[in-house]
file entry-v7.cif (mmCIF, C-alpha atoms and all ligand atoms)
data_data
loop_
_atom_site.label_atom_id
_atom_site.label_comp_id
_atom_site.auth_asym_id
_atom_site.auth_seq_id
_atom_site.Cartn_x
_atom_site.Cartn_y
_atom_site.Cartn_z
CA MET A 1 151.71 183.60 76.74
CA VAL A 2 147.92 183.54 76.55
CA SER A 3 146.22 184.37 73.23
CA LEU A 4 142.78 185.95 73.46
CA VAL A 5 140.73 185.07 70.39
CA VAL A 6 137.91 187.58 70.02
CA PRO A 7 135.33 187.47 67.19
CA CYS A 8 133.85 190.87 66.34
CA PHE A 9 130.92 191.57 64.07
CA SER A 10 130.07 195.26 63.87
CA GLU A 11 131.31 195.91 67.40
CA GLU A 12 132.76 199.43 67.18
CA GLU A 13 131.05 200.37 70.44
CA THR A 14 132.43 197.51 72.50
CA ILE A 15 136.02 196.90 71.35
CA ASP A 16 137.62 199.77 73.27
CA ILE A 17 135.69 198.91 76.43
CA PHE A 18 136.82 195.30 76.09
CA TYR A 19 140.45 196.26 75.46
CA THR A 20 140.59 198.55 78.50
CA GLU A 21 138.88 196.06 80.78
CA VAL A 22 141.12 193.14 79.79
CA ASN A 23 144.25 195.26 80.25
CA LYS A 24 143.07 196.28 83.69
CA VAL A 25 142.46 192.67 84.75
CA CYS A 26 145.68 191.31 83.24
CA GLN A 27 147.96 194.10 84.47
CA ASP A 28 149.43 192.12 87.35
CA ALA A 29 148.54 188.66 86.08
CA PRO A 30 151.32 186.07 86.00
CA PHE A 31 151.05 185.71 82.20
CA THR A 32 151.46 187.88 79.11
CA ILE A 33 148.66 188.26 76.61
CA GLU A 34 148.19 188.79 72.90
CA PHE A 35 144.89 189.82 71.33
CA VAL A 36 143.72 188.11 68.15
CA PHE A 37 140.65 190.05 67.01
CA VAL A 38 138.70 188.63 64.09
CA ASP A 39 136.65 191.14 62.15
CA ASP A 40 133.83 189.00 60.76
CA GLY A 41 132.89 191.25 57.83
CA SER A 42 131.72 194.13 60.02
CA ARG A 43 129.69 196.89 58.44
CA ASP A 44 130.81 199.64 60.80
CA GLY A 45 134.13 201.08 61.97
CA THR A 46 135.33 197.86 63.63
CA LEU A 47 138.25 197.32 61.25
CA LYS A 48 139.47 200.91 61.67
CA ILE A 49 139.54 200.47 65.45
CA LEU A 50 141.41 197.18 65.12
CA ARG A 51 143.99 198.76 62.79
CA ARG A 52 144.50 201.59 65.27
CA LEU A 53 144.86 199.27 68.28
CA SER A 54 147.29 197.09 66.38
CA ARG A 55 149.41 200.16 65.49
CA GLU A 56 149.45 201.41 69.06
CA ASP A 57 150.02 198.10 70.83
CA ASP A 58 152.10 195.31 69.33
CA ARG A 59 150.26 192.72 71.39
CA VAL A 60 147.16 193.41 69.31
CA HIS A 61 146.64 191.48 66.07
CA TYR A 62 143.67 191.20 63.79
CA VAL A 63 142.30 189.21 60.89
CA SER A 64 139.59 190.71 58.74
CA PHE A 65 137.17 188.68 56.59
CA SER A 66 135.96 189.57 53.10
CA ARG A 67 132.36 189.26 54.34
CA ASN A 68 130.37 187.96 57.32
CA PHE A 69 131.17 184.25 57.66
CA GLY A 70 129.63 183.76 61.11
CA LYS A 71 131.03 183.42 64.61
CA GLU A 72 132.12 179.82 64.10
CA ALA A 73 134.33 180.76 61.15
CA ALA A 74 135.69 183.72 63.13
CA LEU A 75 136.64 181.48 66.05
CA TYR A 76 138.34 179.06 63.68
CA ALA A 77 140.39 181.82 62.05
CA GLY A 78 141.32 183.26 65.44
CA LEU A 79 142.52 179.90 66.72
CA GLN A 80 144.57 179.43 63.55
CA HIS A 81 146.31 182.75 64.02
CA SER A 82 146.91 182.47 67.76
CA LYS A 83 150.46 181.81 68.92
CA GLY A 84 150.16 181.43 72.70
CA GLU A 85 150.77 178.32 74.73
CA TYR A 86 147.28 178.89 76.10
CA VAL A 87 144.35 180.18 74.07
CA VAL A 88 141.16 181.82 75.30
CA THR A 89 138.07 182.31 73.15
CA MET A 90 135.76 185.07 74.37
CA ASP A 91 133.13 187.55 73.19
CA VAL A 92 133.96 191.21 72.82
CA ASP A 93 130.81 192.46 74.59
CA LEU A 94 132.10 191.58 78.10
CA GLN A 95 129.41 188.92 78.51
CA ASP A 96 132.38 186.61 79.02
CA PRO A 97 133.78 188.52 82.01
CA PRO A 98 137.56 189.13 81.87
CA TYR A 99 137.79 189.05 85.69
CA LEU A 100 137.64 185.24 85.43
CA LEU A 101 140.88 185.08 83.42
CA PRO A 102 143.35 184.95 86.36
CA GLU A 103 141.20 182.32 88.08
CA MET A 104 141.00 180.24 84.90
CA TYR A 105 144.78 180.50 84.52
CA ARG A 106 145.27 179.39 88.12
CA ILE A 107 143.05 176.35 87.61
CA ILE A 108 144.60 175.27 84.31
CA THR A 109 148.14 175.53 85.64
CA THR A 110 147.59 173.92 89.03
CA GLN A 111 144.94 171.29 88.39
CA GLU A 112 144.87 168.27 86.12
CA CYS A 113 142.94 169.69 83.17
CA ASP A 114 143.37 170.84 79.57
CA CYS A 115 140.58 173.35 79.47
CA VAL A 116 138.65 175.63 81.80
CA ALA A 117 135.24 176.61 80.48
CA ALA A 118 132.66 179.00 81.83
CA PHE A 119 128.91 178.65 81.96
CA ARG A 120 126.15 181.00 83.02
CA GLU A 121 124.35 179.84 86.13
CA SER A 122 121.27 181.85 85.15
CA ARG A 123 119.85 183.56 82.12
CA GLU A 124 118.61 186.66 83.89
CA GLY A 125 117.95 189.60 81.64
CA GLU A 126 117.21 187.41 78.64
CA PRO A 127 113.77 187.23 77.00
CA ALA A 128 111.75 184.33 78.47
CA VAL A 129 110.95 182.79 75.07
CA ARG A 130 114.64 182.65 74.22
CA SER A 131 115.50 180.94 77.53
CA PHE A 132 112.67 178.45 77.02
CA PHE A 133 113.86 177.41 73.57
CA ALA A 134 117.47 177.30 74.76
CA LYS A 135 116.42 174.93 77.55
CA MET A 136 114.52 172.74 75.07
CA PHE A 137 117.54 172.62 72.78
CA TYR A 138 119.91 171.46 75.54
CA TRP A 139 117.38 168.92 76.75
CA LEU A 140 116.92 167.51 73.24
CA ILE A 141 120.54 167.41 72.13
CA ASN A 142 121.69 165.78 75.36
CA ARG A 143 119.13 163.05 74.86
CA ILE A 144 119.75 162.29 71.21
CA SER A 145 123.48 162.85 70.93
CA GLN A 146 126.48 161.02 72.33
CA THR A 147 128.25 164.36 72.56
CA LYS A 148 127.09 166.02 75.76
CA ILE A 149 126.72 169.79 75.91
CA VAL A 150 126.59 171.60 79.24
CA GLU A 151 123.53 173.84 79.57
CA GLY A 152 124.42 177.52 79.60
CA ALA A 153 127.95 176.77 78.34
CA ARG A 154 129.45 179.75 76.57
CA ASP A 155 132.21 179.86 74.02
CA TYR A 156 134.39 181.22 76.84
CA ARG A 157 137.25 178.75 77.19
CA PHE A 158 140.81 178.76 78.44
CA MET A 159 142.55 175.96 76.55
CA LYS A 160 145.94 174.36 76.32
CA ARG A 161 147.58 174.34 72.92
CA LYS A 162 147.07 170.61 72.38
CA MET A 163 143.30 170.99 72.68
CA VAL A 164 143.33 173.94 70.28
CA ASP A 165 145.28 171.86 67.76
CA ALA A 166 142.73 169.07 68.07
CA VAL A 167 139.90 171.53 67.39
CA LEU A 168 141.79 173.00 64.41
CA ASN A 169 142.44 169.56 62.94
CA ASP A 170 138.72 169.20 62.48
CA ARG A 171 138.09 170.89 59.14
CA GLU A 172 134.30 170.52 59.04
CA TYR A 173 132.54 173.22 57.07
CA ASN A 174 129.40 173.07 59.20
CA ARG A 175 130.97 174.00 62.50
CA PHE A 176 129.25 173.83 65.86
CA SER A 177 131.96 174.47 68.40
CA LYS A 178 129.92 173.77 71.53
CA GLY A 179 129.73 170.19 70.27
CA LEU A 180 133.24 170.13 68.87
CA TYR A 181 134.89 171.04 72.19
CA SER A 182 133.04 168.21 73.84
CA TRP A 183 133.74 165.80 70.96
CA VAL A 184 137.54 166.26 71.01
CA GLY A 185 137.51 165.20 74.66
CA PHE A 186 140.26 166.32 77.09
CA GLU A 187 139.68 167.18 80.71
CA THR A 188 137.48 170.24 81.15
CA LYS A 189 136.85 172.06 84.43
CA TRP A 190 133.70 174.20 84.67
CA LEU A 191 133.43 177.61 86.26
CA SER A 192 130.06 179.25 86.78
CA TYR A 193 129.25 182.93 86.89
CA PRO A 194 126.06 185.04 86.96
CA ASN A 195 124.73 186.28 83.63
CA ILE A 196 126.03 189.65 82.52
CA GLU A 197 124.36 191.90 79.99
CA ARG A 198 126.14 193.29 76.95
CA SER A 199 128.45 196.26 77.64
CA ALA A 200 127.13 198.21 74.63
CA GLY A 201 125.63 197.67 71.18
CA VAL A 202 123.08 194.98 70.36
CA THR A 203 123.18 191.21 69.97
CA LYS A 204 123.83 189.91 66.43
CA TRP A 205 121.86 186.72 67.03
CA SER A 206 118.27 186.98 65.96
CA PHE A 207 115.85 184.27 67.05
CA LEU A 208 115.93 182.78 63.54
CA LYS A 209 119.74 182.71 63.49
CA LEU A 210 119.76 180.94 66.87
CA PHE A 211 117.17 178.45 65.67
CA LYS A 212 119.24 177.63 62.58
CA TYR A 213 122.31 177.30 64.77
CA SER A 214 120.58 174.81 67.03
CA VAL A 215 119.42 172.73 64.04
CA GLU A 216 123.04 172.81 62.87
CA GLY A 217 124.12 171.44 66.26
CA ILE A 218 121.60 168.63 66.21
CA LEU A 219 122.44 167.60 62.63
CA ALA A 220 126.17 167.74 63.29
CA TYR A 221 126.15 165.66 66.45
CA SER A 222 123.23 163.26 66.12
CA THR A 223 121.74 160.93 63.54
CA VAL A 224 118.82 160.09 65.84
CA PRO A 225 116.37 162.11 63.67
CA LEU A 226 117.12 159.65 60.84
CA SER A 227 116.41 156.64 63.05
CA PHE A 228 113.28 158.37 64.31
CA VAL A 229 112.07 158.81 60.74
CA SER A 230 112.68 155.12 59.98
CA CYS A 231 110.81 154.03 63.11
CA LEU A 232 107.93 156.31 62.25
CA GLY A 233 107.76 154.76 58.76
CA LEU A 234 107.73 151.29 60.25
CA LEU A 235 105.00 152.21 62.72
CA PHE A 236 102.77 153.57 59.95
CA CYS A 237 103.31 150.43 57.82
CA PHE A 238 102.18 148.35 60.78
CA VAL A 239 99.09 150.47 61.41
CA ALA A 240 98.23 150.43 57.68
CA PHE A 241 98.55 146.65 57.60
CA LEU A 242 96.21 146.24 60.58
CA GLY A 243 93.72 148.64 58.99
CA LEU A 244 93.86 146.72 55.73
CA CYS A 245 93.11 143.44 57.54
CA VAL A 246 90.11 145.01 59.28
CA VAL A 247 88.72 146.55 56.07
CA VAL A 248 89.16 143.40 53.96
CA GLY A 249 87.74 141.20 56.73
CA ARG A 250 84.75 143.45 57.19
CA ALA A 251 84.06 143.59 53.42
CA LEU A 252 84.21 139.80 53.15
CA ILE A 253 81.93 139.19 56.11
CA PHE A 254 79.39 142.04 55.89
CA GLY A 255 79.80 143.32 52.35
CA ASP A 256 80.71 147.01 52.25
CA PRO A 257 78.69 149.99 51.00
CA VAL A 258 81.07 152.68 49.77
CA ALA A 259 81.47 155.26 52.50
CA GLY A 260 84.12 157.18 54.34
CA TRP A 261 85.47 159.53 51.69
CA PRO A 262 86.32 162.31 54.20
CA SER A 263 88.20 159.97 56.50
CA LEU A 264 90.13 158.57 53.54
CA VAL A 265 91.19 162.01 52.40
CA SER A 266 92.23 162.93 55.94
CA ILE A 267 94.41 159.85 56.16
CA ILE A 268 96.03 160.52 52.79
CA VAL A 269 96.75 164.13 53.67
CA PHE A 270 98.11 163.13 57.07
CA LEU A 271 100.42 160.52 55.59
CA GLY A 272 101.49 162.89 52.83
CA GLY A 273 102.48 165.39 55.50
CA ILE A 274 104.47 162.82 57.45
CA GLN A 275 106.25 161.72 54.28
CA LEU A 276 107.22 165.26 53.39
CA LEU A 277 108.45 165.88 56.93
CA CYS A 278 110.62 162.75 56.80
CA LEU A 279 111.91 163.61 53.37
CA GLY A 280 112.76 167.07 54.72
CA ILE A 281 114.78 165.61 57.60
CA VAL A 282 116.70 163.32 55.24
CA GLY A 283 117.16 166.32 52.95
CA LEU A 284 118.76 168.32 55.76
CA TYR A 285 121.43 165.68 56.18
CA VAL A 286 121.95 165.44 52.42
CA SER A 287 122.42 169.21 52.22
CA LYS A 288 125.10 168.99 54.91
CA ILE A 289 126.89 166.25 52.94
CA TYR A 290 126.66 168.43 49.85
CA LEU A 291 128.27 171.39 51.60
CA GLU A 292 130.98 169.21 53.19
CA THR A 293 131.95 167.57 49.88
CA LYS A 294 132.31 170.91 48.15
CA GLY A 295 135.19 171.53 50.55
CA ARG A 296 134.57 175.27 50.57
CA GLN A 297 136.87 177.54 52.52
CA ILE A 298 135.64 178.21 56.04
CA TYR A 299 136.52 181.89 55.69
CA ILE A 300 138.25 184.27 53.30
CA GLU A 301 140.79 186.68 54.67
CA LYS A 302 140.85 190.23 53.37
CA GLU A 303 143.43 191.82 55.59
CA THR A 304 145.62 190.91 58.55
CA ASP A 305 148.76 191.97 60.33
CA LEU A 306 149.69 188.35 61.02
CA ASP A 307 151.01 185.23 59.36
CA ILE A 308 149.27 182.02 60.01
CA ARG A 309 150.96 179.97 62.73
CA THR A 310 153.63 177.86 61.02
CA ASN A 311 152.22 174.60 62.22
CA SER A 312 152.27 171.44 60.09
CA ASP A 313 149.50 171.64 57.53
CA ASP A 314 147.23 174.37 58.82
CA ALA A 315 148.26 176.57 55.93
CA CYS A 316 146.41 174.56 53.29
CA VAL A 317 143.05 175.73 54.58
CA GLU A 318 143.85 179.27 53.57
N1 LIG B 1 129.79 187.48 66.24
C1 LIG B 1 130.54 187.23 65.10
N2 LIG B 1 129.89 186.93 63.92
C2 LIG B 1 128.53 186.88 63.84
C3 LIG B 1 127.77 187.13 65.01
C4 LIG B 1 128.43 187.43 66.19
O1 LIG B 1 131.77 187.24 65.14
O2 LIG B 1 128.01 186.63 62.74
C5 LIG B 1 130.49 187.80 67.51
C6 LIG B 1 130.07 189.10 68.18
O3 LIG B 1 130.79 190.19 67.70
C7 LIG B 1 130.37 188.83 69.65
C8 LIG B 1 130.09 187.33 69.76
O4 LIG B 1 130.16 186.80 68.44
O5 LIG B 1 131.72 189.07 70.00
C9 LIG B 1 128.76 187.04 70.41
O6 LIG B 1 127.74 187.70 69.72
P1 LIG B 1 126.53 188.41 70.45
O7 LIG B 1 127.00 189.11 71.69
O8 LIG B 1 125.84 189.24 69.43
O9 LIG B 1 125.64 187.15 70.85
P2 LIG B 1 124.91 186.84 72.24
O10 LIG B 1 125.89 187.13 73.33
O11 LIG B 1 123.72 187.72 72.27
O12 LIG B 1 124.56 185.39 72.14
MG MG B 2 126.86 188.76 73.65
#
call {"tool": "encode", "arguments": {"input": "entry-v7.cif", "output": "structure tokens", "more": "lines below"}}
Ligand code: UDP
Ligand code: MG
result
Amino acid sequence: MVSLVVPCFSEEETIDIFYTEVNKVCQDAPFTIEFVFVDDGSRDGTLKILRRLSREDDRVHYVSFSRNFGKEAALYAGLQHSKGEYVVTMDVDLQDPPYLLPEMYRIITTQECDCVAAFRESREGEPAVRSFFAKMFYWLINRISQTKIVEGARDYRFMKRKMVDAVLNDREYNRFSKGLYSWVGFETKWLSYPNIERSAGVTKWSFLKLFKYSVEGILAYSTVPLSFVSCLGLLFCFVAFLGLCVVVGRALIFGDPVAGWPSLVSIIVFLGGIQLLCLGIVGLYVSKIYLETKGRQIYIEKETDLDIRTNSDDACVE
């Protein structure tokens, strides 16, 4: 059996389209499916649709959150509630095309791999600014982090149960699954496909939300910013020391009329700015430690038609 884990945040327009499309594709597939929809605190009729689907079709299950916890939390909850030997995570807006499912299944069952993941070969149809910043993010994180992230990789993955368990065993509060999938290792095969636009509705990721998400990724998988800050500090100490030598030397040799107030103020302001920036970077890491140590729940369930998978100690997260 293959479990399809599908996070939904105010997606009343897309769920039925998704459900029909997946059924069409999987009709004569050599596997059975179950749907695990996660309603991430939707503000529209999403939950009603999920209840109805679950009544009509016993392969459909859902988990509903008490509020919006974010896509990462929704994916985590979906994985926890999935029961299949294979698990697929995919978006509900058909941007992760269901027609790839049989091909992914064929690859995972015939080739030596634990996961088949999809990436977009282009970003056609996306605003240029968004693509530019996305490119910058992938460039940066792949340079400063040991954990490599494939550019254009989506959260569209066909995984074996052992990989899912590895991902679930990581109980981080600040989750960044693109990094996590790479961090847990296992053999991943990549499938590319052309970009597809949303079937209906609008994206829930504003530019600001994406920016925060990328900072999250960098903080979670790299400490290079901290080393950078230390190096910067060292460099400025060195420059200051040289400057001091020059000033003292010059005063001793030539005597020094007081001058240079504007340049002094500029230097002080500049250094003050650098110090605040560095403090801010350190602060970002401290805030992450703070959130981790609180050990908050990743999500809070309001309603479901499922029990959590009776696997070892997963239950204690609830
Ligand atoms: N999503 C979610 N919680 C959120 C934001 C998004 O569960 O807070 C879901 C959304 O319903 C969709 C998927 O994550 O199934 C991808 O979101 P979207 O299509 O809005 O993002 P984009 O494809 O534009 O990056
Ligand atoms: Mg989308």
call {"tool": "closest_atom_pairs", "arguments": {"input": "entry-v7.cif", "of": "chain A", "to": "ligand LIG 1 (chain B)", "cutoff": "8 Å", "atoms": "all atoms listed in the file", "output": "tab-separated table"}}
result
residue	atom	partner	partner_atom	distance
A:Val6	CA	B:LIG1	O5	6.4
A:Pro7	CA	B:LIG1	O1	4.1
A:Cys8	CA	B:LIG1	O3	3.4
A:Phe9	CA	B:LIG1	O3	3.9
A:Ser10	CA	B:LIG1	O3	6.4
A:Glu11	CA	B:LIG1	O3	5.8
A:Val38	CA	B:LIG1	O1	7.1
A:Asp39	CA	B:LIG1	O1	6.9
A:Asp40	CA	B:LIG1	O1	5.2
A:Asn68	CA	B:LIG1	O2	6.1
A:Phe69	CA	B:LIG1	O2	6.4
A:Gly70	CA	B:LIG1	O2	3.7
A:Lys71	CA	B:LIG1	N2	3.8
A:Glu72	CA	B:LIG1	N2	7.5
A:Ala74	CA	B:LIG1	O1	5.6
A:Leu75	CA	B:LIG1	O1	7.6
A:Met90	CA	B:LIG1	O5	7.2
A:Asp91	CA	B:LIG1	O5	3.8
A:Val92	CA	B:LIG1	O5	4.2
A:Asp93	CA	B:LIG1	O5	5.8
A:Gln95	CA	B:LIG1	O10	6.5
A:Arg198	CA	B:LIG1	O7	6.8
A:Val202	CA	B:LIG1	O8	6.4
A:Thr203	CA	B:LIG1	O8	3.4
A:Lys204	CA	B:LIG1	O8	3.7
A:Trp205	CA	B:LIG1	O8	5.3
call {"tool": "atom_distance", "arguments": {"input": "entry-v7.cif", "atom1": "CA of Phe65 in chain A", "atom2": "CA of Leu50 in chain A"}}
result
12.8 Å
call {"tool": "closest_residue", "arguments": {"input": "entry-v7.cif", "among": "A:Ser54, A:Phe158, A:Ala134, A:Ser145", "to": "Met104 in chain A", "atoms": "all atoms listed in the file"}}
result
A:Phe158
call {"tool": "residues_around", "arguments": {"input": "entry-v7.cif", "residues": "range 16-29 of chain A", "least_positions_apart": "3", "cutoff": "12 Å", "atoms": "only C-alpha atoms", "output": "ChimeraX atom specification"}}
result
/A:1-2,4,6-8,11-13,32-37,45-46,48-50,52-54,57,59-60,90-106,198-201
call {"tool": "closest_residue", "arguments": {"input": "entry-v7.cif", "among": "A:Ser64, A:Thr188, A:Ser222, A:Thr14", "to": "ligand MG 2 (chain B)", "atoms": "all atoms listed in the file"}}
result
A:Thr14
call {"tool": "closest_residue", "arguments": {"input": "entry-v7.cif", "among": "A:Val88, A:Cys278, A:Leu180, A:Ala73", "to": "Pro225 in chain A", "atoms": "all atoms listed in the file"}}
result
A:Cys278
call {"tool": "closest_residue", "arguments": {"input": "entry-v7.cif", "among": "A:Ser182, A:Ser206, A:Ser42, A:Ser3", "to": "ligand MG 2 (chain B)", "atoms": "all atoms listed in the file"}}
result
A:Ser206
call {"tool": "closest_residue", "arguments": {"input": "entry-v7.cif", "among": "A:Asp170, A:Glu112, A:Ile196, A:Tyr62", "to": "ligand MG 2 (chain B)", "atoms": "all atoms listed in the file"}}
result
A:Ile196
call {"tool": "closest_residue", "arguments": {"input": "entry-v7.cif", "among": "A:Ser82, A:Asn174, A:Thr110, A:Asn169", "to": "Tyr299 in chain A", "atoms": "only C-alpha atoms"}}
result
A:Asn174
call {"tool": "atom_distance", "arguments": {"input": "entry-v7.cif", "atom1": "CA of Ile141 in chain A", "atom2": "CA of Leu210 in chain A"}}
result
14.5 Å
call {"tool": "residues_around", "arguments": {"input": "entry-v7.cif", "residues": "Leu277 in chain A", "least_positions_apart": "5", "cutoff": "12 Å", "atoms": "only C-alpha atoms", "output": "MDAnalysis selection string"}}
result
chainID A and resid 225:226 228:230 232:233 270:272 282:284
call {"tool": "write_last_selection", "arguments": {"input": "entry-v7.cif", "atoms": "C-alpha atoms", "output": "CSV table (one decimal), in the frame of the given file"}}
result
chain,number,residue,atom,x,y,z
A,225,PRO,CA,116.4,162.1,63.7
A,226,LEU,CA,117.1,159.6,60.8
A,228,PHE,CA,113.3,158.4,64.3
A,229,VAL,CA,112.1,158.8,60.7
A,230,SER,CA,112.7,155.1,60.0
A,232,LEU,CA,107.9,156.3,62.2
A,233,GLY,CA,107.8,154.8,58.8
A,270,PHE,CA,98.1,163.1,57.1
A,271,LEU,CA,100.4,160.5,55.6
A,272,GLY,CA,101.5,162.9,52.8
A,282,VAL,CA,116.7,163.3,55.2
A,283,GLY,CA,117.2,166.3,53.0
A,284,LEU,CA,118.8,168.3,55.8
call {"tool": "residues_near_point", "arguments": {"input": "entry-v7.cif", "point": "(137.4, 170.9, 83.9)", "cutoff": "6 Å", "atoms": "all atoms listed in the file", "output": "PyMOL selection string"}}
result
chain A and resi 113+115-116+187-190
call {"tool": "write_last_selection", "arguments": {"input": "entry-v7.cif", "atoms": "C-alpha atoms", "output": "PDB file, keeping the file's coordinate frame"}}
result
ATOM      1  CA  CYS A 113     142.940 169.690  83.170  1.00  0.00           C
ATOM      2  CA  CYS A 115     140.580 173.350  79.470  1.00  0.00           C
ATOM      3  CA  VAL A 116     138.650 175.630  81.800  1.00  0.00           C
ATOM      4  CA  GLU A 187     139.680 167.180  80.710  1.00  0.00           C
ATOM      5  CA  THR A 188     137.480 170.240  81.150  1.00  0.00           C
ATOM      6  CA  LYS A 189     136.850 172.060  84.430  1.00  0.00           C
ATOM      7  CA  TRP A 190     133.700 174.200  84.670  1.00  0.00           C
TER       8      TRP A 190
END
call {"tool": "atom_distance", "arguments": {"input": "entry-v7.cif", "atom1": "CA of Ile298 in chain A", "atom2": "CA of Tyr173 in chain A"}}
result
6.0 Å
call {"tool": "residues_around", "arguments": {"input": "entry-v7.cif", "residues": "Tyr221 in chain A", "least_positions_apart": "4", "cutoff": "10 Å", "atoms": "all atoms listed in the file", "output": "mmCIF file with C-alpha atoms, keeping the file's coordinate frame"}}
result
data_model
loop_
_atom_site.group_PDB
_atom_site.id
_atom_site.type_symbol
_atom_site.label_atom_id
_atom_site.label_comp_id
_atom_site.auth_asym_id
_atom_site.auth_seq_id
_atom_site.Cartn_x
_atom_site.Cartn_y
_atom_site.Cartn_z
ATOM 1 C CA ILE A 141 120.540 167.410 72.130
ATOM 2 C CA ASN A 142 121.690 165.780 75.360
ATOM 3 C CA ILE A 144 119.750 162.290 71.210
ATOM 4 C CA SER A 145 123.480 162.850 70.930
ATOM 5 C CA GLN A 146 126.480 161.020 72.330
ATOM 6 C CA THR A 147 128.250 164.360 72.560
ATOM 7 C CA LYS A 148 127.090 166.020 75.760
ATOM 8 C CA PHE A 176 129.250 173.830 65.860
ATOM 9 C CA GLY A 179 129.730 170.190 70.270
ATOM 10 C CA LEU A 180 133.240 170.130 68.870
ATOM 11 C CA TRP A 183 133.740 165.800 70.960
ATOM 12 C CA GLU A 216 123.040 172.810 62.870
ATOM 13 C CA GLY A 217 124.120 171.440 66.260
#
call {"tool": "residues_around", "arguments": {"input": "entry-v7.cif", "residues": "Arg161 in chain A", "least_positions_apart": "2", "cutoff": "7 Å", "atoms": "all atoms listed in the file", "output": "list of chain:residue names"}}
result
A:Glu85, A:Tyr86, A:Val87, A:Met159, A:Met163, A:Val164, A:Asp165
call {"tool": "decode", "arguments": {"input": "entry-v7.cif", "residues": "range 26-47 of chain A", "atoms": "C-alpha atoms", "output": "compact mmCIF listing (two decimals), in the first residue's frame"}}
result
# COMPACT_ATOMS: atom_id res chain seq x y z
CA CYS A 26 -3.96 5.08 -9.83
CA GLN A 27 -6.93 3.16 -11.24
CA ASP A 28 -4.85 0.46 -12.91
CA ALA A 29 -1.66 0.97 -10.92
CA PRO A 30 -0.07 -2.10 -9.36
CA PHE A 31 -0.53 -0.71 -5.82
CA THR A 32 -3.37 0.35 -3.54
CA ILE A 33 -3.49 3.83 -2.06
CA GLU A 34 -4.70 5.57 1.07
CA PHE A 35 -5.07 9.33 1.36
CA VAL A 36 -3.87 11.08 4.51
CA PHE A 37 -5.05 14.69 4.19
CA VAL A 38 -3.84 17.14 6.82
CA ASP A 39 -6.02 20.17 7.32
CA ASP A 40 -3.54 22.78 8.54
CA GLY A 41 -6.03 25.06 10.31
CA SER A 42 -7.88 26.03 7.13
CA ARG A 43 -10.22 28.98 7.23
CA ASP A 44 -12.56 27.75 4.51
CA GLY A 45 -14.58 24.61 3.84
CA THR A 46 -11.56 22.30 3.59
CA LEU A 47 -12.43 20.26 6.68
